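Text of input-v8.cif, listed as mmCIF, C-alpha atoms:
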```cif
data_query
loop_
_atom_site.label_atom_id
_atom_site.label_comp_id
_atom_site.auth_asym_id
_atom_site.auth_seq_id
_atom_site.Cartn_x
_atom_site.Cartn_y
_atom_site.Cartn_z
CA MET Z 1 97.10 13.01 -3.27
CA GLU Z 2 96.43 9.44 -2.10
CA ALA Z 3 94.33 7.38 -4.49
CA PRO Z 4 91.01 6.16 -3.09
CA MET Z 5 91.04 2.61 -1.81
CA THR Z 6 89.41 0.06 -4.08
CA LYS Z 7 86.71 -2.26 -2.83
CA ARG Z 8 89.02 -5.28 -3.21
CA ALA Z 9 91.77 -3.62 -1.17
CA MET Z 10 89.25 -2.65 1.50
CA LYS Z 11 88.05 -6.25 1.81
CA ARG Z 12 91.64 -7.47 2.05
CA GLN Z 13 92.49 -5.05 4.82
CA LEU Z 14 89.36 -6.00 6.70
CA ARG Z 15 90.20 -9.69 6.35
CA GLU Z 16 93.79 -9.24 7.44
CA GLY Z 17 92.90 -7.08 10.44
CA ALA Z 18 94.50 -3.95 9.05
CA PHE Z 19 91.27 -2.01 8.77
CA ASP Z 20 91.87 1.61 9.71
CA VAL Z 21 88.68 3.08 11.13
CA SER Z 22 90.17 6.55 11.15
CA GLN Z 23 89.90 6.64 7.37
CA PHE Z 24 86.14 6.98 7.68
CA GLU Z 25 85.85 9.36 10.63
CA ASP Z 26 84.81 12.21 8.39
CA ASP Z 27 82.07 10.17 6.71
CA GLY Z 28 80.66 8.60 9.87
CA LYS Z 29 78.37 11.45 10.81
CA ILE Z 30 75.71 10.58 13.35
CA ARG Z 31 72.49 12.55 13.19
CA ARG Z 32 70.90 12.93 16.57
CA LEU Z 33 67.44 14.26 17.35
CA PRO Z 34 67.24 17.07 19.89
CA VAL Z 35 66.21 15.80 23.30
CA ASP Z 36 64.75 17.93 26.05
CA ARG Z 37 66.52 16.41 29.03
CA ALA Z 38 64.75 18.73 31.43
CA TRP Z 39 61.36 17.15 30.70
CA SER Z 40 60.03 14.53 33.07
CA PRO Z 41 56.67 12.73 33.25
CA MET Z 42 56.43 13.83 36.87
CA ALA Z 43 57.16 17.48 36.05
CA HIS Z 44 53.57 18.16 35.03
CA SER Z 45 50.54 17.74 37.19
CA ALA Z 46 47.62 15.65 36.02
CA ALA Z 47 45.58 18.79 35.38
CA ASN Z 48 48.24 20.32 33.14
CA PHE Z 49 48.69 17.02 31.30
CA ASN Z 50 45.00 16.83 30.48
CA GLU Z 51 45.04 20.40 29.22
CA ASP Z 52 47.99 19.79 26.92
CA ARG Z 53 46.79 16.51 25.44
CA GLU Z 54 43.44 15.62 23.94
CA GLN Z 55 42.13 12.44 25.54
CA GLY Z 56 40.59 11.04 22.37
CA TYR Z 57 40.90 7.45 23.52
CA LEU Z 58 38.27 8.02 26.23
CA LYS Z 59 35.62 8.02 23.48
CA THR Z 60 33.21 10.18 25.39
CA ILE Z 61 29.91 10.58 23.59
CA LYS Z 62 28.04 13.84 23.32
CA ALA Z 63 24.62 14.54 21.88
CA LYS Z 64 24.77 16.21 18.48
CA SER Z 65 21.12 17.21 18.31
CA PRO Z 66 18.22 17.93 20.66
CA GLY Z 67 16.70 14.55 19.84
CA GLN Z 68 19.88 12.71 20.74
CA GLU Z 69 20.11 14.67 23.98
CA ALA Z 70 16.54 13.67 24.85
CA LEU Z 71 17.33 10.02 24.04
CA MET Z 72 20.44 9.94 26.23
CA ALA Z 73 18.56 11.56 29.11
CA ALA Z 74 15.69 9.08 28.75
CA ILE Z 75 18.07 6.10 28.87
CA ASP Z 76 19.59 7.46 32.09
CA GLU Z 77 16.18 7.99 33.71
CA LYS Z 78 13.91 5.18 32.48
CA ASN Z 79 14.15 1.40 32.49
CA LEU Z 80 12.33 1.07 29.17
CA VAL Z 81 12.98 3.44 26.27
CA MET Z 82 11.68 3.29 22.72
CA ALA Z 83 13.72 5.28 20.18
CA LEU Z 84 11.93 5.83 16.87
CA GLY Z 85 13.42 7.80 14.02
CA PRO Z 86 14.85 7.78 10.50
CA ALA Z 87 18.16 6.26 9.49
CA GLY Z 88 21.28 8.06 10.63
CA THR Z 89 19.95 9.54 13.86
CA GLY Z 90 22.26 7.45 16.05
CA LYS Z 91 19.59 5.30 17.66
CA THR Z 92 21.56 2.04 17.69
CA TYR Z 93 24.93 3.66 18.35
CA LEU Z 94 23.74 5.65 21.37
CA ALA Z 95 21.92 2.65 22.80
CA ILE Z 96 25.01 0.43 22.55
CA ALA Z 97 27.26 3.19 23.84
CA LYS Z 98 25.06 3.51 26.91
CA ALA Z 99 25.04 -0.27 27.29
CA VAL Z 100 28.85 -0.42 27.25
CA GLU Z 101 28.99 2.47 29.71
CA ALA Z 102 26.64 0.65 32.10
CA LEU Z 103 28.62 -2.59 31.82
CA GLU Z 104 32.01 -0.94 32.35
CA SER Z 105 30.75 0.99 35.39
CA GLY Z 106 29.28 -2.16 36.97
CA ARG Z 107 25.67 -1.00 36.90
CA VAL Z 108 24.69 -4.12 34.94
CA GLY Z 109 26.25 -7.54 34.70
CA ARG Z 110 25.75 -8.16 30.99
CA ILE Z 111 24.64 -6.73 27.67
CA VAL Z 112 22.01 -8.50 25.57
CA LEU Z 113 21.67 -7.38 21.97
CA SER Z 114 18.91 -8.69 19.75
CA ARG Z 115 17.50 -7.97 16.32
CA PRO Z 116 15.18 -9.86 13.94
CA ALA Z 117 16.82 -11.95 11.22
CA VAL Z 118 14.85 -10.39 8.40
CA GLU Z 119 16.40 -9.77 4.98
CA ALA Z 120 16.12 -6.33 3.42
CA GLY Z 121 13.87 -7.17 0.50
CA GLU Z 122 15.94 -9.95 -1.09
CA SER Z 123 16.73 -13.53 -0.23
CA ILE Z 124 20.41 -14.43 0.10
CA GLY Z 125 19.64 -18.13 0.24
CA PHE Z 126 21.24 -20.82 2.36
CA LEU Z 127 24.06 -19.72 4.68
CA PRO Z 128 26.68 -22.33 5.62
CA GLY Z 129 28.18 -22.88 9.05
CA GLU Z 130 26.95 -23.03 12.62
CA MET Z 131 24.19 -20.85 14.05
CA GLU Z 132 26.62 -18.00 14.79
CA ASP Z 133 27.84 -18.05 11.19
CA LYS Z 134 24.31 -17.99 9.78
CA LEU Z 135 23.32 -15.02 11.98
CA ALA Z 136 26.53 -13.02 11.47
CA PRO Z 137 25.29 -11.03 8.41
CA TYR Z 138 22.16 -9.93 10.26
CA LEU Z 139 23.98 -8.99 13.46
CA ARG Z 140 26.94 -7.25 11.80
CA PRO Z 141 25.69 -3.70 12.59
CA LEU Z 142 25.71 -4.58 16.28
CA TYR Z 143 29.29 -5.87 16.06
CA ASP Z 144 30.31 -2.65 14.29
CA ALA Z 145 28.86 -0.47 17.04
CA LEU Z 146 30.44 -2.61 19.75
CA SER Z 147 33.87 -2.55 18.11
CA ASP Z 148 33.70 1.24 17.93
CA ARG Z 149 33.22 1.47 21.68
CA LEU Z 150 35.50 -1.45 22.61
CA SER Z 151 38.39 -3.16 20.87
CA MET Z 152 37.49 -6.36 19.04
CA LYS Z 153 39.78 -8.28 21.39
CA ARG Z 154 37.80 -6.94 24.35
CA VAL Z 155 34.49 -7.70 22.62
CA ARG Z 156 35.52 -11.31 21.97
CA ALA Z 157 36.68 -11.70 25.57
CA LEU Z 158 33.39 -10.34 26.95
CA MET Z 159 31.39 -12.57 24.62
CA ALA Z 160 33.40 -15.60 25.72
CA GLU Z 161 32.65 -14.70 29.34
CA GLY Z 162 28.94 -14.25 28.61
CA ALA Z 163 29.04 -10.55 29.51
CA ILE Z 164 27.93 -9.68 25.96
CA GLU Z 165 25.28 -11.80 24.28
CA ILE Z 166 23.97 -11.31 20.76
CA ALA Z 167 20.85 -13.28 19.94
CA PRO Z 168 18.08 -13.24 17.34
CA VAL Z 169 14.54 -12.36 18.35
CA GLY Z 170 13.39 -15.93 17.87
CA PHE Z 171 15.56 -17.13 20.75
CA MET Z 172 14.26 -14.67 23.34
CA ARG Z 173 10.96 -16.30 24.27
CA GLY Z 174 10.72 -17.66 27.81
CA ARG Z 175 13.68 -15.70 29.15
CA THR Z 176 13.87 -13.23 32.05
CA LEU Z 177 16.67 -10.70 31.64
CA ASN Z 178 17.78 -9.58 35.10
CA ASN Z 179 20.72 -7.23 35.77
CA ALA Z 180 21.15 -6.60 32.05
CA PHE Z 181 21.18 -3.82 29.49
CA VAL Z 182 19.01 -5.01 26.61
CA VAL Z 183 19.03 -3.41 23.15
CA ILE Z 184 16.39 -4.48 20.62
CA ASP Z 185 17.55 -3.16 17.25
CA GLU Z 186 15.60 -2.87 13.97
CA ALA Z 187 12.36 -3.33 15.88
CA GLN Z 188 10.33 -2.20 12.85
CA ASN Z 189 10.88 -5.72 11.50
CA CYS Z 190 9.15 -7.25 14.52
CA THR Z 191 5.47 -8.06 14.57
CA TYR Z 192 3.17 -6.84 17.32
CA VAL Z 193 3.30 -10.26 19.00
CA GLN Z 194 7.09 -10.39 18.83
CA LEU Z 195 7.46 -6.94 20.36
CA LYS Z 196 5.04 -7.80 23.13
CA MET Z 197 7.13 -10.90 23.86
CA LEU Z 198 10.40 -8.93 23.84
CA LEU Z 199 9.17 -6.10 26.06
CA THR Z 200 7.96 -8.55 28.68
CA ARG Z 201 11.46 -10.10 28.97
CA LEU Z 202 12.53 -7.12 31.12
CA GLY Z 203 13.70 -8.26 34.55
CA TRP Z 204 14.94 -6.66 37.77
CA HIS Z 205 17.73 -4.06 37.68
CA SER Z 206 17.62 -3.98 33.89
CA THR Z 207 17.31 -1.36 31.17
CA MET Z 208 15.81 -2.02 27.75
CA VAL Z 209 16.14 0.22 24.69
CA VAL Z 210 14.07 -0.56 21.58
CA THR Z 211 15.19 1.16 18.37
CA GLY Z 212 13.67 1.26 14.92
CA ASP Z 213 12.30 3.28 12.03
CA PRO Z 214 8.60 2.58 11.35
CA ASN Z 215 9.01 3.94 7.82
CA GLN Z 216 11.69 1.41 6.83
CA SER Z 217 10.09 -1.90 7.68
CA ASP Z 218 10.92 -4.96 5.61
CA LEU Z 219 7.57 -6.46 6.61
CA LEU Z 220 4.21 -5.64 5.14
CA PRO Z 221 2.94 -2.33 6.62
CA GLU Z 222 0.12 -4.04 8.51
CA LEU Z 223 2.52 -6.59 10.08
CA SER Z 224 5.06 -4.24 11.67
CA GLY Z 225 4.20 -3.71 15.32
CA LEU Z 226 6.62 -0.91 16.25
CA GLY Z 227 4.32 2.00 15.47
CA PRO Z 228 1.21 0.66 17.29
CA VAL Z 229 3.25 -0.48 20.31
CA ALA Z 230 5.00 2.89 20.64
CA THR Z 231 1.68 4.75 20.41
CA LYS Z 232 0.16 2.66 23.20
CA LEU Z 233 3.22 2.89 25.47
CA GLU Z 234 3.34 6.70 25.26
CA ALA Z 235 0.49 6.70 27.78
CA VAL Z 236 2.66 4.86 30.37
CA GLY Z 237 4.48 7.34 32.57
CA ASN Z 238 7.46 5.13 33.43
CA ILE Z 239 8.24 4.42 29.77
CA ALA Z 240 9.97 6.94 27.50
CA VAL Z 241 9.11 7.09 23.80
CA VAL Z 242 11.62 9.33 22.00
CA ARG Z 243 10.78 10.28 18.43
CA LEU Z 244 13.78 11.49 16.45
CA ALA Z 245 13.35 13.57 13.29
CA ASP Z 246 15.27 14.51 10.16
CA ARG Z 247 17.05 17.30 12.03
CA ASP Z 248 18.66 14.67 14.27
CA ILE Z 249 20.39 12.86 11.38
CA VAL Z 250 24.15 12.91 11.89
CA ARG Z 251 25.19 11.07 8.72
CA HIS Z 252 25.97 12.79 5.43
CA PRO Z 253 23.69 15.83 4.90
CA LEU Z 254 22.34 14.20 1.74
CA VAL Z 255 20.69 11.51 3.89
CA ALA Z 256 18.38 14.07 5.48
CA GLU Z 257 17.68 15.67 2.11
CA MET Z 258 16.85 12.34 0.48
CA LEU Z 259 14.56 11.24 3.30
CA GLY Z 260 12.72 14.52 2.96
CA VAL Z 261 11.64 13.72 -0.58
CA LEU Z 262 11.56 9.91 -0.69
#
```
Can you turn what I pasted into structure tokens?
Amino acid sequence: MEAPMTKRAMKRQLREGAFDVSQFEDDGKIRRLPVDRAWSPMAHSAANFNEDREQGYLKTIKAKSPGQEALMAAIDEKNLVMALGPAGTGKTYLAIAKAVEALESGRVGRIVLSRPAVEAGESIGFLPGEMEDKLAPYLRPLYDALSDRLSMKRVRALMAEGAIEIAPVGFMRGRTLNNAFVVIDEAQNCTYVQLKMLLTRLGWHSTMVVTGDPNQSDLLPELSGLGPVATKLEAVGNIAVVRLADRDIVRHPLVAEMLGVL
């Protein structure tokens, strides 16, 4: 029986050009994955392809409660919608999803997102940087909802083009928002005067959705204008006021249970 070749002898043979590949034919096993050569992308029709594969990347939104269904229908039918309800009912998410849908379909030319820069009960002090850097912590929920509907690369590109604008409430006075989908988030932290100013920014061919929870205002109870404004606007036929309830909460079930006792 021939002794196995040492590593030094193997290197010498390789260096001298006397390397015999046949010595390793038994060890050189190649593992190949089975391939269905009969399959072709053109072999299946578009209908069959859609049946076989779940199109998760389309990110279609569906109402998960009667209140959400009423909100989505109101946004499709009315130019001004007020969505009031507790945390976790999808008010902001549905509004931004509808805004992205309108922008992508060409029904509007831009999205304008606004919310008051009010801290939730504690002061975080001075924030360094430019205006965008100072406002970033307050506007982060809007970025999160946008990035869920669009990639961050797409969001940054649209913001650079001016197709998506995120602005604090204080910068909205004097503007007329034509051909736009406007979302006013956390409106419970707006005063009556601020809400009146924001609602009157609505221009031609535009839709405005105002979201908020009157029971979670960071202002003094008598300063928040969301509740009084919504009550008055319910009498206007061309304005939809959708009131979501605990049964519409789509977060963890404990959220609904906690809000029922807190």
Polymer residues at most 8 Å from Val241 of chain Z, all atoms listed in the file, same-chain spacing of 5 or more positions, as an mmCIF file with C-alpha atoms, in the frame of the given file:
```cif
data_model
loop_
_atom_site.group_PDB
_atom_site.id
_atom_site.type_symbol
_atom_site.label_atom_id
_atom_site.label_comp_id
_atom_site.auth_asym_id
_atom_site.auth_seq_id
_atom_site.Cartn_x
_atom_site.Cartn_y
_atom_site.Cartn_z
ATOM 1 C CA VAL Z 81 12.980 3.440 26.270
ATOM 2 C CA MET Z 82 11.680 3.290 22.720
ATOM 3 C CA ALA Z 83 13.720 5.280 20.180
ATOM 4 C CA LEU Z 84 11.930 5.830 16.870
ATOM 5 C CA ALA Z 230 5.000 2.890 20.640
ATOM 6 C CA LEU Z 233 3.220 2.890 25.470
ATOM 7 C CA GLU Z 234 3.340 6.700 25.260
#
```
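Near (32.2, -12.2, 27.3), the residues that fall inside 12 Å on the basis of all atoms listed in the file are Z:Leu103, Z:Gly109, Z:Arg110, Z:Ile111, Z:Val112, Z:Met152, Z:Lys153, Z:Arg154, Z:Val155, Z:Arg156, Z:Ala157, Z:Leu158, Z:Met159, Z:Ala160, Z:Glu161, Z:Gly162, Z:Ala163, Z:Ile164, Z:Glu165, Z:Ile166.
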Which of these residues is nearest to Pro214 of chain Z, using all atoms listed in the file: Z:Ile75, Z:Ala256, Z:Ala87, Z:Ala102?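 Nearest to Pro214 of chain Z: Z:Ala87.
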Using the chain letters and numbering of this document, enumerate as a count of residues only the residues selected by the PyMOL selection byres ((chain Z and resi 67) around 12). 30
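Atom CA of Gly225 of chain Z lies 25.3 Å from atom CA of Met258 of chain Z.
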I'd like to see the residues matched by the PyMOL selection byres ((chain Z and resi 198) around 10) on this file, and ideally I'd get them as a list in words. Ser114, Val169, Gly170, Met172, Arg173, Gly174, Arg175, Thr176, Val182, Ile184, Ala187, Cys190, Tyr192, Val193, Gln194, Leu195, Lys196, Met197, Leu199, Thr200, Arg201, Leu202, Met208 and Val210 of chain Z
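The space separating atom CA of Tyr93 of chain Z from atom CA of Ile239 of chain Z comes to 20.2 Å.
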Selection near segment 146-150 of chain Z, 10 Å with all atoms listed in the file, sequence-local residues under 3 positions removed, as an mmCIF file with C-alpha atoms, in the coordinates of the input:
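The resulting part28.cif:
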```cif
data_model
loop_
_atom_site.group_PDB
_atom_site.id
_atom_site.type_symbol
_atom_site.label_atom_id
_atom_site.label_comp_id
_atom_site.auth_asym_id
_atom_site.auth_seq_id
_atom_site.Cartn_x
_atom_site.Cartn_y
_atom_site.Cartn_z
ATOM 1 C CA TYR Z 57 40.900 7.450 23.520
ATOM 2 C CA LEU Z 58 38.270 8.020 26.230
ATOM 3 C CA LYS Z 59 35.620 8.020 23.480
ATOM 4 C CA THR Z 60 33.210 10.180 25.390
ATOM 5 C CA ILE Z 61 29.910 10.580 23.590
ATOM 6 C CA TYR Z 93 24.930 3.660 18.350
ATOM 7 C CA ILE Z 96 25.010 0.430 22.550
ATOM 8 C CA ALA Z 97 27.260 3.190 23.840
ATOM 9 C CA LYS Z 98 25.060 3.510 26.910
ATOM 10 C CA ALA Z 99 25.040 -0.270 27.290
ATOM 11 C CA VAL Z 100 28.850 -0.420 27.250
ATOM 12 C CA GLU Z 101 28.990 2.470 29.710
ATOM 13 C CA ARG Z 140 26.940 -7.250 11.800
ATOM 14 C CA PRO Z 141 25.690 -3.700 12.590
ATOM 15 C CA LEU Z 142 25.710 -4.580 16.280
ATOM 16 C CA TYR Z 143 29.290 -5.870 16.060
ATOM 17 C CA LYS Z 153 39.780 -8.280 21.390
ATOM 18 C CA ARG Z 154 37.800 -6.940 24.350
ATOM 19 C CA VAL Z 155 34.490 -7.700 22.620
ATOM 20 C CA ARG Z 156 35.520 -11.310 21.970
ATOM 21 C CA ILE Z 164 27.930 -9.680 25.960
#
```
Could you check which of Z:Asn238, Z:Asn189, Z:Thr92, Z:Ser224 is closest to Thr211 of chain Z, using all atoms listed in the file?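 Checking each of Z:Asn238, Z:Asn189, Z:Thr92, Z:Ser224 against Thr211 of chain Z, counting all atoms listed in the file, the winner is Z:Thr92.
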Could you tell me how far atom CA of Gln216 of chain Z lies from atom CA of Phe181 of chain Z, in Å and to one decimal?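 It comes out at 25.1 Å.
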